[in-house]
file coords.cif (mmCIF, C-alpha atoms and all ligand atoms)
data_run
loop_
_atom_site.label_atom_id
_atom_site.label_comp_id
_atom_site.auth_asym_id
_atom_site.auth_seq_id
_atom_site.Cartn_x
_atom_site.Cartn_y
_atom_site.Cartn_z
CA MET A 255 1.85 -1.25 -66.54
CA LEU A 256 4.75 -3.70 -66.53
CA GLY A 257 6.21 -1.83 -69.49
CA VAL A 258 6.19 1.42 -67.50
CA LYS A 259 7.92 -0.29 -64.56
CA ASN A 260 10.53 -1.88 -66.81
CA ARG A 261 11.24 1.40 -68.59
CA ARG A 262 11.65 3.16 -65.25
CA ARG A 263 14.03 0.44 -64.07
CA GLU A 264 16.03 0.62 -67.27
CA LYS A 265 16.42 4.36 -66.82
CA ILE A 266 17.56 3.95 -63.20
CA ARG A 267 20.01 1.17 -64.13
CA ASN A 268 21.67 3.54 -66.57
CA CYS A 269 22.20 6.32 -64.01
CA THR A 270 25.73 7.04 -62.81
CA PHE A 271 26.76 4.83 -59.94
CA PRO A 272 28.26 7.01 -57.18
CA PRO A 273 32.02 6.34 -56.91
CA GLU A 274 31.82 6.40 -53.10
CA TRP A 275 29.39 3.50 -53.27
CA VAL A 276 31.92 1.53 -55.30
CA GLU A 277 34.43 2.18 -52.51
CA THR A 278 31.92 0.95 -49.92
CA ILE A 279 31.30 -2.24 -51.88
CA GLU A 280 34.98 -2.86 -52.48
CA LYS A 281 35.61 -2.46 -48.76
CA ASN A 282 32.60 -4.34 -47.34
CA VAL A 283 31.68 -6.93 -49.97
CA PRO A 284 34.74 -9.00 -50.96
CA LEU A 285 32.52 -11.18 -53.19
CA TYR A 286 32.40 -8.17 -55.53
CA HIS A 287 36.09 -8.67 -56.33
CA ARG A 288 35.35 -12.14 -57.62
CA LEU A 289 32.92 -10.84 -60.23
CA PRO A 290 34.23 -10.11 -63.71
CA PRO A 291 33.96 -6.44 -64.72
CA PRO A 292 30.76 -6.84 -66.82
CA ASP A 293 29.04 -8.47 -63.84
CA GLN A 294 30.22 -5.67 -61.56
CA LEU A 295 28.57 -3.17 -63.90
CA GLU A 296 25.38 -5.19 -64.08
CA LEU A 297 25.38 -5.43 -60.29
CA GLN A 298 25.69 -1.66 -59.94
CA GLY A 299 22.58 -1.19 -62.12
CA HIS A 300 20.63 -3.68 -59.98
CA ILE A 301 21.73 -1.92 -56.79
CA LEU A 302 20.40 1.40 -58.09
CA VAL A 303 16.99 -0.15 -58.79
CA PHE A 304 16.96 -2.02 -55.48
CA LEU A 305 17.74 1.10 -53.47
CA ASP A 306 15.13 3.07 -55.41
CA GLU A 307 12.39 0.54 -54.70
CA LYS A 308 13.09 -0.80 -51.21
CA ASN A 309 12.54 1.05 -47.98
CA PHE A 310 15.20 0.68 -45.28
CA GLU A 311 14.48 1.28 -41.61
CA GLY A 312 16.98 1.50 -38.77
CA CYS A 313 15.73 -0.29 -35.65
CA GLY A 314 16.98 -0.59 -32.07
CA GLY A 315 18.70 2.80 -32.29
CA LEU A 316 20.60 2.11 -35.52
CA VAL A 317 21.02 5.23 -37.64
CA LEU A 318 20.92 4.25 -41.29
CA ASN A 319 23.43 5.53 -43.79
CA ASP A 320 24.44 4.78 -47.37
CA GLU A 321 27.12 2.35 -46.24
CA ILE A 322 24.49 0.11 -44.63
CA ARG A 323 22.05 0.36 -47.53
CA VAL A 324 24.66 -0.23 -50.21
CA THR A 325 26.38 -3.11 -48.40
CA ILE A 326 23.08 -4.95 -48.02
CA ALA A 327 21.82 -4.11 -51.52
CA ALA A 328 25.06 -5.26 -53.17
CA GLN A 329 24.87 -8.71 -51.64
CA ALA A 330 21.13 -9.09 -52.24
CA CYS A 331 21.61 -8.16 -55.89
CA ILE A 332 24.40 -10.70 -56.48
CA LEU A 333 21.57 -13.27 -56.46
CA LEU A 334 19.86 -11.42 -59.33
CA LEU A 335 22.73 -11.28 -61.83
CA HIS A 336 22.11 -12.64 -65.37
CA ARG A 337 18.51 -13.51 -64.56
CA LYS A 338 15.21 -11.99 -65.51
CA THR A 339 14.24 -10.43 -62.20
CA ASP A 340 11.40 -8.57 -60.61
CA TYR A 341 13.65 -7.37 -57.76
CA TYR A 342 12.20 -9.37 -54.87
CA PRO A 343 8.52 -8.64 -55.45
CA GLY A 344 6.50 -8.25 -52.28
CA LEU A 345 9.50 -7.13 -50.27
CA TYR A 346 8.92 -3.54 -49.26
CA SER A 347 11.08 -2.95 -46.20
CA ILE A 348 14.42 -4.03 -44.85
CA LEU A 349 14.65 -3.50 -41.11
CA VAL A 350 18.19 -3.28 -39.79
CA TYR A 351 19.15 -3.74 -36.14
CA PRO A 352 22.61 -2.91 -34.80
CA GLY A 353 23.19 -6.48 -33.60
CA ALA A 354 21.41 -9.79 -33.15
CA PHE A 355 17.77 -9.20 -32.25
CA ILE A 356 15.22 -11.07 -30.24
CA ALA A 357 12.35 -12.42 -32.31
CA LYS A 358 9.08 -13.54 -30.82
CA GLY A 359 7.60 -16.81 -31.98
CA TYR A 360 5.05 -19.37 -30.90
CA VAL A 361 5.38 -23.12 -30.42
CA GLU A 362 2.36 -25.40 -30.36
CA LEU A 363 2.75 -27.62 -27.26
CA ALA A 364 -0.50 -29.51 -27.82
CA PRO A 365 -3.36 -28.96 -30.25
CA GLY A 366 -4.50 -25.40 -29.64
CA VAL A 367 -2.02 -24.79 -26.78
CA TYR A 368 0.74 -22.32 -27.63
CA THR A 369 3.67 -20.91 -25.75
CA GLU A 370 5.61 -17.81 -26.66
CA THR A 371 9.29 -18.22 -27.53
CA ARG A 372 12.03 -15.63 -27.80
CA GLN A 373 15.04 -16.44 -29.92
CA VAL A 374 18.14 -14.54 -30.90
CA HIS A 375 18.21 -14.01 -34.67
CA LEU A 376 20.81 -12.70 -37.09
CA GLY A 377 18.31 -12.28 -39.87
CA GLU A 378 14.76 -13.17 -40.68
CA SER A 379 12.73 -13.21 -43.86
CA TRP A 380 9.02 -12.65 -43.48
CA ARG A 381 7.05 -14.02 -46.32
CA HIS A 382 5.31 -10.73 -46.90
CA GLY A 383 6.58 -7.27 -46.70
CA ALA A 384 9.73 -7.15 -44.63
CA LEU A 385 13.09 -8.69 -44.00
CA ILE A 386 15.09 -8.13 -40.81
CA LEU A 387 18.88 -8.09 -40.57
CA SER A 388 21.49 -7.46 -37.91
CA TRP A 389 24.13 -5.01 -39.18
CA ASP A 390 26.88 -6.67 -37.10
CA ASP A 391 26.10 -9.98 -38.74
CA VAL A 392 25.76 -8.47 -42.21
CA CYS A 393 29.35 -7.23 -41.83
CA ALA A 394 30.63 -10.47 -40.31
CA GLY A 395 28.94 -12.57 -43.02
CA ALA A 396 30.23 -10.42 -45.85
CA SER A 397 33.82 -10.12 -44.64
CA ASP A 398 34.78 -13.80 -44.78
CA ILE A 399 33.94 -15.16 -48.21
CA HIS A 400 35.30 -18.62 -47.54
CA ASP A 401 33.28 -19.74 -44.51
CA GLY A 402 29.93 -20.36 -46.24
CA HIS A 403 28.10 -18.01 -43.87
CA ASN A 404 26.44 -14.92 -45.25
CA VAL A 405 23.22 -13.76 -43.62
CA VAL A 406 22.21 -11.49 -46.52
CA LEU A 407 22.58 -14.23 -49.14
CA HIS A 408 20.73 -16.57 -46.76
CA GLU A 409 17.74 -14.31 -46.12
CA PHE A 410 17.40 -13.20 -49.73
CA ALA A 411 17.58 -16.83 -50.88
CA HIS A 412 14.50 -17.36 -48.68
CA ARG A 413 12.82 -14.52 -50.53
CA LEU A 414 13.57 -16.16 -53.89
CA ASP A 415 12.29 -19.46 -52.57
CA SER A 416 8.98 -17.94 -51.45
CA GLU A 417 8.34 -15.89 -54.61
CA ASP A 418 5.99 -18.59 -55.88
CA GLY A 419 4.03 -18.44 -52.62
CA ARG A 420 5.63 -21.50 -51.03
CA ALA A 421 8.87 -21.63 -49.06
CA ASN A 422 9.78 -25.20 -49.91
CA GLY A 423 13.34 -25.09 -51.20
CA ALA A 424 12.26 -24.74 -54.83
CA PRO A 425 12.32 -21.19 -56.21
CA SER A 426 10.63 -20.34 -59.51
CA LEU A 427 12.73 -22.14 -62.11
CA PRO A 428 13.04 -20.85 -65.66
CA HIS A 429 12.01 -24.13 -67.30
CA ARG A 430 9.42 -26.64 -66.22
CA SER A 431 11.81 -29.48 -67.01
CA MET A 432 14.18 -28.24 -64.29
CA TYR A 433 11.75 -29.01 -61.45
CA VAL A 434 12.17 -32.78 -61.72
CA ALA A 435 15.97 -32.64 -61.49
CA TRP A 436 15.75 -29.99 -58.79
CA ALA A 437 13.45 -32.12 -56.63
CA ARG A 438 15.61 -35.23 -57.09
CA ILE A 439 18.99 -33.62 -56.42
CA LEU A 440 18.03 -31.21 -53.68
CA GLY A 441 15.91 -33.93 -52.10
CA SER A 442 18.72 -36.48 -51.99
CA ASP A 443 21.35 -33.96 -50.83
CA PHE A 444 18.96 -32.66 -48.17
CA HIS A 445 18.42 -36.17 -46.81
CA LYS A 446 22.15 -36.85 -46.91
CA LEU A 447 22.77 -33.66 -44.92
CA GLN A 448 20.15 -34.74 -42.38
CA HIS A 449 21.82 -38.15 -42.12
CA ASP A 450 25.35 -36.73 -41.80
CA ALA A 451 24.22 -34.17 -39.23
CA GLN A 452 22.59 -36.87 -37.12
CA ALA A 453 25.67 -39.08 -37.46
CA GLY A 454 27.93 -36.20 -36.39
CA LEU A 455 29.87 -36.27 -39.68
CA PRO A 456 31.57 -33.14 -41.03
CA THR A 457 29.77 -31.50 -43.97
CA VAL A 458 30.58 -28.78 -46.48
CA LEU A 459 27.03 -27.45 -46.19
CA ASP A 460 26.10 -25.86 -42.87
CA GLN A 461 24.09 -28.41 -40.90
CA TYR A 462 21.45 -25.77 -40.19
CA GLY A 463 20.29 -26.68 -43.71
CA ALA A 464 19.13 -30.06 -42.39
CA ALA A 465 16.21 -28.32 -40.63
CA ASN A 466 13.92 -28.34 -43.67
CA PRO A 467 14.10 -27.91 -47.49
CA ALA A 468 13.72 -24.12 -47.29
CA GLU A 469 16.73 -23.83 -44.97
CA PHE A 470 18.59 -26.28 -47.19
CA PHE A 471 18.16 -23.99 -50.21
CA ALA A 472 19.24 -20.92 -48.20
CA VAL A 473 22.32 -22.71 -46.84
CA ALA A 474 23.17 -24.18 -50.25
CA THR A 475 23.00 -20.66 -51.73
CA GLU A 476 25.47 -19.35 -49.14
CA CYS A 477 27.78 -22.29 -49.84
CA PHE A 478 27.44 -21.90 -53.63
CA PHE A 479 28.76 -18.34 -53.49
CA GLU A 480 31.24 -18.65 -50.64
CA LYS A 481 32.61 -22.20 -50.93
CA PRO A 482 31.89 -22.97 -54.59
CA VAL A 483 34.95 -25.12 -55.22
CA GLN A 484 34.24 -27.37 -52.25
CA LEU A 485 30.55 -27.54 -53.11
CA GLN A 486 31.33 -28.44 -56.71
CA SER A 487 33.69 -31.25 -55.70
CA THR A 488 31.47 -32.73 -52.97
CA HIS A 489 27.98 -32.07 -54.46
CA PRO A 490 28.56 -31.78 -58.23
CA GLU A 491 24.91 -32.20 -59.23
CA LEU A 492 23.70 -29.72 -56.62
CA TYR A 493 26.35 -27.25 -57.78
CA GLU A 494 25.30 -27.76 -61.41
CA ASN A 495 21.64 -27.08 -60.64
CA LEU A 496 22.42 -23.97 -58.62
CA LYS A 497 24.65 -22.84 -61.49
CA LEU A 498 21.76 -23.23 -63.92
CA TYR A 499 19.37 -21.40 -61.61
CA PHE A 500 21.67 -18.50 -60.68
CA ARG A 501 23.25 -18.44 -64.15
CA GLN A 502 26.61 -17.95 -62.47
CA ASP A 503 29.64 -20.18 -62.05
CA PRO A 504 31.42 -18.86 -58.93
CA ALA A 505 33.83 -21.83 -58.78
CA ARG A 506 35.43 -20.47 -61.95
CA PHE A 507 36.48 -17.32 -60.13
CA ALA A 508 36.78 -18.48 -56.52
CA SER A 509 40.01 -20.39 -56.90
CA ASP A 510 41.75 -17.38 -58.38
CA ASP A 511 41.16 -14.79 -55.65
CA ARG A 512 44.82 -13.94 -55.77
CA LEU A 513 45.18 -14.10 -59.58
CA ALA A 514 46.60 -11.18 -61.47
CA PRO A 515 43.83 -8.82 -62.67
CA ASP A 516 44.72 -9.37 -66.36
CA ARG A 517 44.16 -13.12 -66.07
CA LYS A 518 40.85 -12.45 -64.36
CA ARG A 519 39.86 -10.22 -67.27
CA ALA A 520 40.83 -12.94 -69.75
CA GLN A 521 38.62 -15.42 -67.89
CA ALA A 522 35.82 -12.87 -67.78
CA ALA A 523 35.88 -12.65 -71.56
CA GLN A 524 34.55 -16.20 -71.74
CA PRO A 525 30.81 -16.40 -72.46
CA PRO A 526 28.51 -16.40 -69.40
CA VAL A 527 26.70 -19.52 -68.26
CA ALA A 528 23.67 -20.21 -70.42
ZN ZN B 601 16.91 -19.48 -42.84
#
call {"tool": "encode", "arguments": {"input": "coords.cif", "output": "C-alpha cells", "more": "lines below"}}
Ligand SMILES: [Zn+2]
result
Amino acid sequence: MLGVKNRRREKIRNCTFPPEWVETIEKNVPLYHRLPPPDQLELQGHILVFLDEKNFEGCGGLVLNDEIRVTIAAQACILLLHRKTDYYPGLYSILVYPGAFIAKGYVELAPGVYTETRQVHLGESWRHGALILSWDDVCAGASDIHDGHNVVLHEFAHRLDSEDGRANGAPSLPHRSMYVAWARILGSDFHKLQHDAQAGLPTVLDQYGAANPAEFFAVATECFFEKPVQLQSTHPELYENLKLYFRQDPARFASDDRLAPDRKRAQAAQPPVA
C-alpha cells in the first residue's frame, strides 16, 4: 500500500512545475530566494504532492485561487526538505480566512465548570484533520523574513510536533539517541525563555514560546528559518539540534541575502547537512 502511495508521489514530484507558480513563490515567499537551486527544485516537487493531497477551503467569504494555495504550500513544504516525509499525515484540510478569525474555546473555571471564550487567531492547528490560517497573516508573515514571525511555519511546526500523537515540543526524531539531547536543550532554553519573559528581558525567540513546550518548538522553528544567524549566536545548541532535525542550515544562506547569485551557487555546491 505504502509502495503504491510512494510511487504515486514520485510520479507527481516529477511533473512539470507551472512557471506561474514559480512567479507566485518568488513574489510571496522571500525565503525561497535563500534556498540553493537544488533545494528549490526539491521544494517544487513537494509542493506538487502537497497540493495534490490536501484540500483547501476558503472561509469567511474568501475565494481561493492558486496564489493562496501555492503560497501556503511553499512555506509548509520548506519544513519537509531533505527529510523522509509523509506530507503531514492526518492533515486533510486547510481552511483559509481572509483575515484574523474568531476561535471558540473553553476555559475550566472550577472542576466541571466551563466558560466559553472567543479569541482572535491568526492561525490554528487542530490535532486531527484541519488547520486554519488567515490569508492576511500568511502574507504578512511571509513577506518579512527577518522578524521571526511566520504563521505558516508556526502552524505546520505544530503539525510536525503532534505527528507522534503528542504535542509536547518533541517531533518524531530520526534517531532515538537524539531525544535525550533534544529534551535537555529544548528544556533548558524553554525555561530560560520563561525566566527572561517574566523578568521583562529582550529575547531573540518570541516570548509567546514561553507558554508551553509545544509553542516553544513552533516559535523556535519560526526563528530558525527567519532569524537563523541570531538564533545560532544566542542559542547555539538549540540551533544545532534544529539543524539536525530539519537537515537544513539556514544561517549559511541568511547572511548573504544580498550576495551575488554566482557566490550563492558556489555555496550551494557544498554537501547538504547530514
Ligand atoms: Zn502555536
call {"tool": "residues_near_ligand", "arguments": {"input": "coords.cif", "ligand": "ligand ZN 601 (chain B)", "cutoff": "9 Å", "atoms": "only C-alpha atoms and all ligand atoms", "output": "ChimeraX atom specification"}}
result
/A:377-379,405,408-409,411-412,462-463,468-473
call {"tool": "closest_residue", "arguments": {"input": "coords.cif", "among": "A:Asn282, A:Gln294, A:Ser426, A:Gln448", "to": "Thr339 in chain A", "atoms": "all atoms listed in the file"}}
result
A:Ser426
call {"tool": "residues_around", "arguments": {"input": "coords.cif", "residues": "Ala327 in chain A", "least_positions_apart": "3", "cutoff": "9 Å", "atoms": "only C-alpha atoms", "output": "VMD selection string"}}
result
chain A and resid 300 to 302 304 to 305 322 to 324 330 to 332 406
call {"tool": "write_last_selection", "arguments": {"input": "coords.cif", "atoms": "C-alpha atoms", "output": "CSV table (one decimal), keeping the file's coordinate frame"}}
result
chain,number,residue,atom,x,y,z
A,300,HIS,CA,20.6,-3.7,-60.0
A,301,ILE,CA,21.7,-1.9,-56.8
A,302,LEU,CA,20.4,1.4,-58.1
A,304,PHE,CA,17.0,-2.0,-55.5
A,305,LEU,CA,17.7,1.1,-53.5
A,322,ILE,CA,24.5,0.1,-44.6
A,323,ARG,CA,22.0,0.4,-47.5
A,324,VAL,CA,24.7,-0.2,-50.2
A,330,ALA,CA,21.1,-9.1,-52.2
A,331,CYS,CA,21.6,-8.2,-55.9
A,332,ILE,CA,24.4,-10.7,-56.5
A,406,VAL,CA,22.2,-11.5,-46.5
call {"tool": "residues_around", "arguments": {"input": "coords.cif", "residues": "Pro343 in chain A", "least_positions_apart": "3", "cutoff": "9 Å", "atoms": "all atoms listed in the file", "output": "MDAnalysis selection string"}}
result
chainID A and resid 340 346 413 417
call {"tool": "atom_distance", "arguments": {"input": "coords.cif", "atom1": "CA of Phe410 in chain A", "atom2": "CA of Glu476 in chain A"}}
result
10.2 Å
call {"tool": "closest_residue", "arguments": {"input": "coords.cif", "among": "A:Leu414, A:Leu498, A:Leu334, A:Leu345", "to": "His429 in chain A", "atoms": "all atoms listed in the file"}}
result
A:Leu498
call {"tool": "closest_residue", "arguments": {"input": "coords.cif", "among": "A:Pro290, A:Pro352, A:Gly344, A:Gly419", "to": "Leu318 in chain A", "atoms": "only C-alpha atoms"}}
result
A:Pro352
call {"tool": "closest_residue", "arguments": {"input": "coords.cif", "among": "A:Asp390, A:Asp415, A:Leu492, A:Arg263", "to": "Gly353 in chain A", "atoms": "only C-alpha atoms"}}
result
A:Asp390
call {"tool": "atom_distance", "arguments": {"input": "coords.cif", "atom1": "CA of Asn319 in chain A", "atom2": "CA of Gly402 in chain A"}}
result
26.8 Å
call {"tool": "residues_around", "arguments": {"input": "coords.cif", "residues": "Leu440 in chain A", "least_positions_apart": "6", "cutoff": "12 Å", "atoms": "all atoms listed in the file", "output": "PyMOL selection string"}}
result
chain A and resi 422-425+432-434+446-447+463-464+466-475+489-496
call {"tool": "closest_residue", "arguments": {"input": "coords.cif", "among": "A:Tyr341, A:Glu280, A:Val392, A:Phe310", "to": "Lys259 in chain A", "atoms": "all atoms listed in the file"}}
result
A:Tyr341
call {"tool": "residues_near_point", "arguments": {"input": "coords.cif", "point": "(31.4, 2.5, -46.0)", "cutoff": "8 Å", "atoms": "all atoms listed in the file", "output": "ChimeraX atom specification"}}
result
/A:275,277-279,281-282,320-322,325
call {"tool": "closest_residue", "arguments": {"input": "coords.cif", "among": "A:Ala328, A:Ser442, A:Gly314, A:Ala435", "to": "Ser388 in chain A", "atoms": "only C-alpha atoms"}}
result
A:Gly314
call {"tool": "atom_distance", "arguments": {"input": "coords.cif", "atom1": "CA of Glu480 in chain A", "atom2": "CA of Asn268 in chain A"}}
result
28.9 Å
call {"tool": "residues_around", "arguments": {"input": "coords.cif", "residues": "Gly312 in chain A", "least_positions_apart": "4", "cutoff": "7 Å", "atoms": "only C-alpha atoms", "output": "ChimeraX atom specification"}}
result
/A:316-318,349-351
call {"tool": "write_last_selection", "arguments": {"input": "coords.cif", "atoms": "C-alpha atoms", "output": "compact mmCIF listing (two decimals), in the coordinates of the input"}}
result
# COMPACT_ATOMS: atom_id res chain seq x y z
CA LEU A 316 20.60 2.11 -35.52
CA VAL A 317 21.02 5.23 -37.64
CA LEU A 318 20.92 4.25 -41.29
CA LEU A 349 14.65 -3.50 -41.11
CA VAL A 350 18.19 -3.28 -39.79
CA TYR A 351 19.15 -3.74 -36.14
